[in-house]
Amino acid sequence: MVIGAAVLLFIASFLDFYSVDGCGSYCDKVDMPNAWDTDKLGIILPSVFLAGLIGAGLVIAGRFQPESRKISGLTLGQWGNGLAVGAAWASLWTLFLTPDGMSMSVGAILSLLASLALAAGVVLTPRVPALQAPLAGAGGPAAVPPYGAAPQPGYGYPGPGGVQPGAPAPYGAQPGQPAPPFGAQPGQPAPAPAPAAAGSDFAPFWFAVPVARPLYAEDGSSSTIAELAPGTWYLAVEQRGQALVAQTQDGRRGVLQDTTGIQRG
């Protein structure tokens, strides 16, 4: 939605922004400006078109960056959201600032529609799970197996076992056995995961979430460090009441407060 709105906004920047009323047969001879004619349209180019295009680019780039990476305390997506909403507001004001004797032409109308769609896209994305799907991947998110089935290797963690089907066993290992961890000698058993606390009967397990859910910081604050996506397996390393301490693909740990409907591997 954001990409489509940005493309439409870029196309609208090259079209006539205003048209002359009552020009009759002379309409074809009147040279009307587009957004790039800053001598006649002033700040419409930077306030509507460039702000919207840059905002869309930052929102898209933010989907490929970790949420912990910020500029002046804000993520790329948050910077893009502000520019996109500002572009929609500026485009809306062009309705009330049309010069006397002129009306909005196709460029102004398309830019208004595109900027409003862009603002709606960046505002609704955090609230609509369907808009949070990954932008790139091998055929989309992996299907979640039914409860009790072992997770299969795929995107993110390699899953329990850590060996791809059909891969040759390492030197000295028996066929069918999982590969030893890095630094371990062949034939030695892999170390068991450390328990969450002394005397606790909790055992780490793999799980998947049914819908996208935030992962909060372990210090108990309301800040989020990541977002768990459906179709990906995560490792639960500790249990705190009804909440789980989960570990993401890049090694970050946080608290999953909403564990309803999760599927265990």
# chains A, B, ... in the order shown; residues from 1 in each chain; ligands from 1
call {"tool": "residues_around", "arguments": {"residues": "region 99-112 of chain A", "least_positions_apart": "4", "cutoff": "7 Å", "atoms": "only C-alpha atoms", "output": "PyMOL selection string"}}
result
chain A and resi 9+12-13+15-21+88+91-92+116
call {"tool": "write_last_selection", "arguments": {"atoms": "N, CA, C and O atoms", "output": "short mmCIF file (atom, residue, chain, number, x, y, z; two decimals), in the first residue's frame"}}
result
data_model
loop_
_atom_site.label_atom_id
_atom_site.label_comp_id
_atom_site.auth_asym_id
_atom_site.auth_seq_id
_atom_site.Cartn_x
_atom_site.Cartn_y
_atom_site.Cartn_z
N LEU A 9 2.21 9.05 -6.26
CA LEU A 9 2.62 10.42 -5.92
C LEU A 9 3.74 10.90 -6.84
O LEU A 9 3.76 12.06 -7.26
N ALA A 12 2.20 11.78 -10.20
CA ALA A 12 1.40 13.01 -10.13
C ALA A 12 2.28 14.25 -10.13
O ALA A 12 1.82 15.33 -10.54
N SER A 13 3.54 14.14 -9.71
CA SER A 13 4.40 15.32 -9.66
C SER A 13 4.72 15.87 -11.05
O SER A 13 5.12 17.03 -11.18
N LEU A 15 2.45 15.90 -13.59
CA LEU A 15 1.21 16.30 -14.24
C LEU A 15 0.83 17.73 -13.84
O LEU A 15 1.29 18.25 -12.82
N ASP A 16 -0.04 18.37 -14.65
CA ASP A 16 -0.47 19.73 -14.36
C ASP A 16 -1.14 19.79 -12.99
O ASP A 16 -2.01 18.96 -12.67
N PHE A 17 -0.72 20.78 -12.19
CA PHE A 17 -1.26 20.88 -10.84
C PHE A 17 -2.54 21.70 -10.80
O PHE A 17 -3.46 21.40 -10.05
N TYR A 18 -2.61 22.76 -11.62
CA TYR A 18 -3.80 23.60 -11.69
C TYR A 18 -4.29 23.67 -13.14
O TYR A 18 -3.55 23.39 -14.08
N SER A 19 -5.54 24.04 -13.29
CA SER A 19 -6.11 24.31 -14.61
C SER A 19 -6.85 25.64 -14.54
O SER A 19 -7.31 26.07 -13.48
N VAL A 20 -6.95 26.31 -15.70
CA VAL A 20 -7.58 27.64 -15.77
C VAL A 20 -9.06 27.47 -16.06
O VAL A 20 -9.45 26.72 -16.96
N ASP A 21 -9.88 28.18 -15.32
CA ASP A 21 -11.32 28.13 -15.53
C ASP A 21 -11.73 29.11 -16.64
O ASP A 21 -11.22 30.24 -16.72
N ALA A 88 0.43 14.56 3.68
CA ALA A 88 -1.02 14.50 3.50
C ALA A 88 -1.69 15.78 3.99
O ALA A 88 -2.62 16.30 3.36
N SER A 91 -0.94 18.50 1.43
CA SER A 91 -1.73 18.30 0.21
C SER A 91 -3.19 18.68 0.42
O SER A 91 -3.83 19.23 -0.48
N LEU A 92 -3.69 18.41 1.62
CA LEU A 92 -5.08 18.78 1.91
C LEU A 92 -5.27 20.30 1.91
O LEU A 92 -6.30 20.81 1.48
N LEU A 116 -2.99 10.87 0.94
CA LEU A 116 -3.92 10.35 1.94
C LEU A 116 -3.79 8.84 2.09
O LEU A 116 -3.84 8.30 3.20
#
call {"tool": "residues_around", "arguments": {"residues": "Ile71 (chain A)", "least_positions_apart": "6", "cutoff": "12 Å", "atoms": "only C-alpha atoms", "output": "PyMOL selection string"}}
result
chain A and resi 58+62+65+77-80
call {"tool": "write_last_selection", "arguments": {"atoms": "N, CA and C atoms", "output": "PDB file, in the first residue's frame"}}
result
ATOM      1  N   LEU A  58      11.622   5.954   3.912  1.00  0.00           N
ATOM      2  CA  LEU A  58      12.070   5.659   5.275  1.00  0.00           C
ATOM      3  C   LEU A  58      11.231   4.559   5.910  1.00  0.00           C
ATOM      4  N   GLY A  62      12.784   1.105   7.022  1.00  0.00           N
ATOM      5  CA  GLY A  62      12.664   0.703   8.419  1.00  0.00           C
ATOM      6  C   GLY A  62      12.227  -0.731   8.609  1.00  0.00           C
ATOM      7  N   GLN A  65      15.352  -2.842   8.953  1.00  0.00           N
ATOM      8  CA  GLN A  65      16.296  -2.484  10.008  1.00  0.00           C
ATOM      9  C   GLN A  65      15.762  -2.933  11.355  1.00  0.00           C
ATOM     10  N   GLY A  77      11.148   4.143  10.649  1.00  0.00           N
ATOM     11  CA  GLY A  77       9.709   4.111  10.402  1.00  0.00           C
ATOM     12  C   GLY A  77       8.981   5.277  11.037  1.00  0.00           C
ATOM     13  N   GLN A  78       9.405   5.672  12.241  1.00  0.00           N
ATOM     14  CA  GLN A  78       8.753   6.799  12.902  1.00  0.00           C
ATOM     15  C   GLN A  78       9.036   8.111  12.184  1.00  0.00           C
ATOM     16  N   TRP A  79      10.278   8.281  11.690  1.00  0.00           N
ATOM     17  CA  TRP A  79      10.571   9.464  10.878  1.00  0.00           C
ATOM     18  C   TRP A  79       9.713   9.467   9.607  1.00  0.00           C
ATOM     19  N   GLY A  80       9.615   8.317   8.962  1.00  0.00           N
ATOM     20  CA  GLY A  80       8.809   8.228   7.747  1.00  0.00           C
ATOM     21  C   GLY A  80       7.333   8.488   8.001  1.00  0.00           C
TER      22      GLY A  80
END
call {"tool": "closest_residue", "arguments": {"among": "A:Gly52, A:Gly251, A:Gly241, A:Gly57", "to": "Leu83 (chain A)", "atoms": "only C-alpha atoms"}}
result
A:Gly52
call {"tool": "closest_residue", "arguments": {"among": "A:Ala226, A:Ile43, A:Ala212, A:Val237", "to": "Gly261 (chain A)", "atoms": "only C-alpha atoms"}}
result
A:Ala212
call {"tool": "atom_distance", "arguments": {"atom1": "CA of Lys70 (chain A)", "atom2": "CA of Ile44 (chain A)"}}
result
28.9 Å
call {"tool": "atom_distance", "arguments": {"atom1": "CA of Phe202 (chain A)", "atom2": "CA of Thr248 (chain A)"}}
result
18.9 Å
call {"tool": "closest_residue", "arguments": {"among": "A:Ala61, A:Leu235, A:Leu118, A:Val123", "to": "Gln249 (chain A)", "atoms": "only C-alpha atoms"}}
result
A:Leu235
call {"tool": "atom_distance", "arguments": {"atom1": "CA of Leu244 (chain A)", "atom2": "CA of Thr259 (chain A)"}}
result
7.4 Å
